[in-house]
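For reference, the structure is listed below as structure tokens.
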Amino acid sequence: MNLLLDTHILIWALNEDKRLPKKAREMILDQENAIYYSSVSIWEISIKHAIHPEHVAFTGKELSQFCEEAGFLPMEMRDKHVFALETIKRAEGAPPHHDPFDRMLVAQAKAENMSFITHDSLIPYYEEKCIIHV
């Protein structure tokens, strides 16, 4: 299975953080799965580091290097991912979700027929088959 990791899952996996859910850890360690990180996550971390380096200690470039060292595969943002954004709908009455990075990651996973691994409680409201909430 091809797995695209949400930014926080990616960071937790790289840091062997105890917050990484067991199910996510098992999926990431399963040799049958290909693990992808998105240029969207690199972009997100670059912005967060620039604004609050005291909260995000590493740069986007460093995150990319860590991912490569871990053997994760890069997923670049493509036009078809942007077009998939237009097809993503949220459940009626869902709580607001204002994170454009998350929307882009879900669109990438959907467009590439990948599974998107997240721990964000607001993402399942997108009701996309590609989302695996752990």
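Labels used: A, B, ... for chains in the order of the structure tokens, numbers from 1 for residues in each chain, and numbers from 1 for ligands as shown.
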
Secondary structure check, helix (DSSP H, G or I) residues of chain A, as a ChimeraX atom specification: /A:7-15,22-29,39-51,60-70,79-85,100-111,123-126

Which residues of range 18-63 of chain A sit at most 10 Å from range 114-118 of chain A, using only C-alpha atoms? Give each one's shortest atom pair and distance in Å (one decimal place), in chain and ascending residue order, as JSON lines.
{"residue": "A:Leu20", "atom": "CA", "partner": "A:Thr118", "partner_atom": "CA", "distance": 9.9}
{"residue": "A:Pro21", "atom": "CA", "partner": "A:Thr118", "partner_atom": "CA", "distance": 9.7}
{"residue": "A:Lys23", "atom": "CA", "partner": "A:Ile117", "partner_atom": "CA", "distance": 9.8}
{"residue": "A:Ala24", "atom": "CA", "partner": "A:Ile117", "partner_atom": "CA", "distance": 7.2}
{"residue": "A:Met27", "atom": "CA", "partner": "A:Ile117", "partner_atom": "CA", "distance": 9.2}
{"residue": "A:Ile28", "atom": "CA", "partner": "A:Ile117", "partner_atom": "CA", "distance": 9.6}
{"residue": "A:Ala34", "atom": "CA", "partner": "A:Met114", "partner_atom": "CA", "distance": 9.8}
{"residue": "A:Ile35", "atom": "CA", "partner": "A:Ser115", "partner_atom": "CA", "distance": 9.9}
{"residue": "A:Tyr36", "atom": "CA", "partner": "A:Met114", "partner_atom": "CA", "distance": 9.4}

Residues from last step as file, C-alpha atoms, as a short mmCIF file (atom, residue, chain, number, x, y, z; two decimals), in the first residue's frame:
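Once written, result.cif looks like this:
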data_model
loop_
_atom_site.label_atom_id
_atom_site.label_comp_id
_atom_site.auth_asym_id
_atom_site.auth_seq_id
_atom_site.Cartn_x
_atom_site.Cartn_y
_atom_site.Cartn_z
CA LEU A 20 2.75 8.21 17.17
CA PRO A 21 -0.24 5.87 17.36
CA LYS A 23 -1.49 1.58 14.22
CA ALA A 24 0.50 4.26 12.34
CA MET A 27 1.76 0.64 8.97
CA ILE A 28 4.98 2.63 8.55
CA ALA A 34 5.71 2.47 0.53
CA ILE A 35 5.97 5.57 2.73
CA TYR A 36 5.68 9.00 1.12
#

Using only C-alpha atoms: which of A:Met75, A:Leu63, A:Val82, A:Ile131 has the shortest distance to Glu44 in chain A: A:Leu63

For Leu105 in chain A: contacts at 10 Å, only C-alpha atoms, fewer than 3 positions along chain excluded, given as a ChimeraX atom specification: /A:4-7,37-41,75,77,81,85,100-102,108-111,116-117

Polymer residues at most 12 Å from Lys89 in chain A, only C-alpha atoms, same-chain spacing of 6 or more positions, as number ranges by chain: A: 97, 103, 106-107, 123-129

Neighbour list for Leu14 in chain A as a list in words, cut-off 8 Å, only C-alpha atoms, skip fewer than 5 positions in-chain: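 Here the qualifying residues turn out to be Phe66, Cys67 and Ala70 of chain A.
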
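The set of residues in chain A assigned to strand (DSSP E or B) by DSSP, using only backbone atoms of this structure, is Asn2, Leu3, Leu4, Leu5, Ala34, Ile35, Tyr36, Tyr37, Ser38, Leu73, Pro74, Met75, Ser115, Phe116, Ile117, Thr118, Ile131, Ile132 and His133 of chain A.
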
Please, could you write that set of residues out with N, CA and C atoms as a short mmCIF file (atom, residue, chain, number, x, y, z; two decimals), in the first residue's frame?
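That gives us out_26.cif:
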data_model
loop_
_atom_site.label_atom_id
_atom_site.label_comp_id
_atom_site.auth_asym_id
_atom_site.auth_seq_id
_atom_site.Cartn_x
_atom_site.Cartn_y
_atom_site.Cartn_z
N ASN A 2 0.48 2.27 -0.72
CA ASN A 2 1.18 3.55 -0.73
C ASN A 2 0.57 4.46 0.32
N LEU A 3 1.40 4.90 1.26
CA LEU A 3 0.95 5.72 2.37
C LEU A 3 1.55 7.12 2.27
N LEU A 4 0.70 8.13 2.34
CA LEU A 4 1.15 9.52 2.45
C LEU A 4 0.92 9.94 3.89
N LEU A 5 1.98 10.42 4.53
CA LEU A 5 1.89 10.78 5.94
C LEU A 5 1.54 12.25 6.13
N ALA A 34 4.79 1.41 0.96
CA ALA A 34 5.71 2.47 0.53
C ALA A 34 5.30 3.74 1.26
N ILE A 35 6.26 4.40 1.90
CA ILE A 35 5.97 5.57 2.73
C ILE A 35 6.40 6.84 1.99
N TYR A 36 5.45 7.74 1.83
CA TYR A 36 5.68 9.00 1.12
C TYR A 36 5.55 10.19 2.07
N TYR A 37 6.35 11.21 1.77
CA TYR A 37 6.20 12.52 2.40
C TYR A 37 5.97 13.51 1.28
N SER A 38 5.25 14.55 1.57
CA SER A 38 4.87 15.52 0.55
C SER A 38 5.70 16.80 0.62
N LEU A 73 9.73 8.27 0.53
CA LEU A 73 9.72 8.70 -0.87
C LEU A 73 9.06 10.07 -1.00
N PRO A 74 9.60 10.94 -1.86
CA PRO A 74 9.02 12.27 -2.02
C PRO A 74 7.80 12.27 -2.93
N MET A 75 6.83 13.11 -2.60
CA MET A 75 5.65 13.33 -3.42
C MET A 75 5.59 14.83 -3.71
N SER A 115 -3.24 6.08 0.52
CA SER A 115 -3.89 6.22 1.82
C SER A 115 -3.19 7.35 2.57
N PHE A 116 -3.98 8.21 3.17
CA PHE A 116 -3.46 9.36 3.91
C PHE A 116 -3.58 9.07 5.40
N ILE A 117 -2.46 9.00 6.09
CA ILE A 117 -2.43 8.65 7.51
C ILE A 117 -2.38 9.94 8.34
N THR A 118 -3.36 10.10 9.22
CA THR A 118 -3.44 11.30 10.05
C THR A 118 -3.96 10.96 11.45
N ILE A 131 -8.58 8.54 3.48
CA ILE A 131 -8.17 8.96 4.83
C ILE A 131 -8.21 7.77 5.80
N ILE A 132 -7.10 7.58 6.48
CA ILE A 132 -7.02 6.61 7.57
C ILE A 132 -6.69 7.40 8.83
N HIS A 133 -7.66 7.50 9.71
CA HIS A 133 -7.45 8.21 10.97
C HIS A 133 -6.93 7.23 12.01
#

Find the residues near Thr59 in chain A: any atom within 9 Å, counting only C-alpha atoms, skip ones fewer than 2 places away on the same chain, and give them as a PDB file with C-alpha atoms, in the first residue's frame.
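What follows is the written file out17.pdb:
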ATOM      1  CA  ILE A  42       8.187  20.584   3.644  1.00  0.00           C
ATOM      2  CA  ILE A  45       7.420  23.258   8.137  1.00  0.00           C
ATOM      3  CA  SER A  46       9.455  25.903   6.295  1.00  0.00           C
ATOM      4  CA  ILE A  47       6.745  28.478   6.971  1.00  0.00           C
ATOM      5  CA  LYS A  48       6.233  27.434  10.602  1.00  0.00           C
ATOM      6  CA  HIS A  49       9.981  27.448  11.263  1.00  0.00           C
ATOM      7  CA  ALA A  50      10.353  30.914   9.724  1.00  0.00           C
ATOM      8  CA  PRO A  53      11.668  28.844  15.163  1.00  0.00           C
ATOM      9  CA  VAL A  56       9.689  24.299  15.135  1.00  0.00           C
ATOM     10  CA  ALA A  57      13.380  23.637  15.663  1.00  0.00           C
ATOM     11  CA  LYS A  61      15.270  21.454   4.158  1.00  0.00           C
ATOM     12  CA  GLU A  62      16.285  19.520   7.271  1.00  0.00           C
ATOM     13  CA  LEU A  63      12.926  17.734   7.344  1.00  0.00           C
ATOM     14  CA  SER A  64      13.419  16.713   3.716  1.00  0.00           C
TER      15      SER A  64
END

Top pick for closest residue to His119 in chain A, considering A:Met1, A:Met104, A:Leu10, A:Ala91 and counting only C-alpha atoms: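 Under the stated criterion, the closest residue is A:Leu10.
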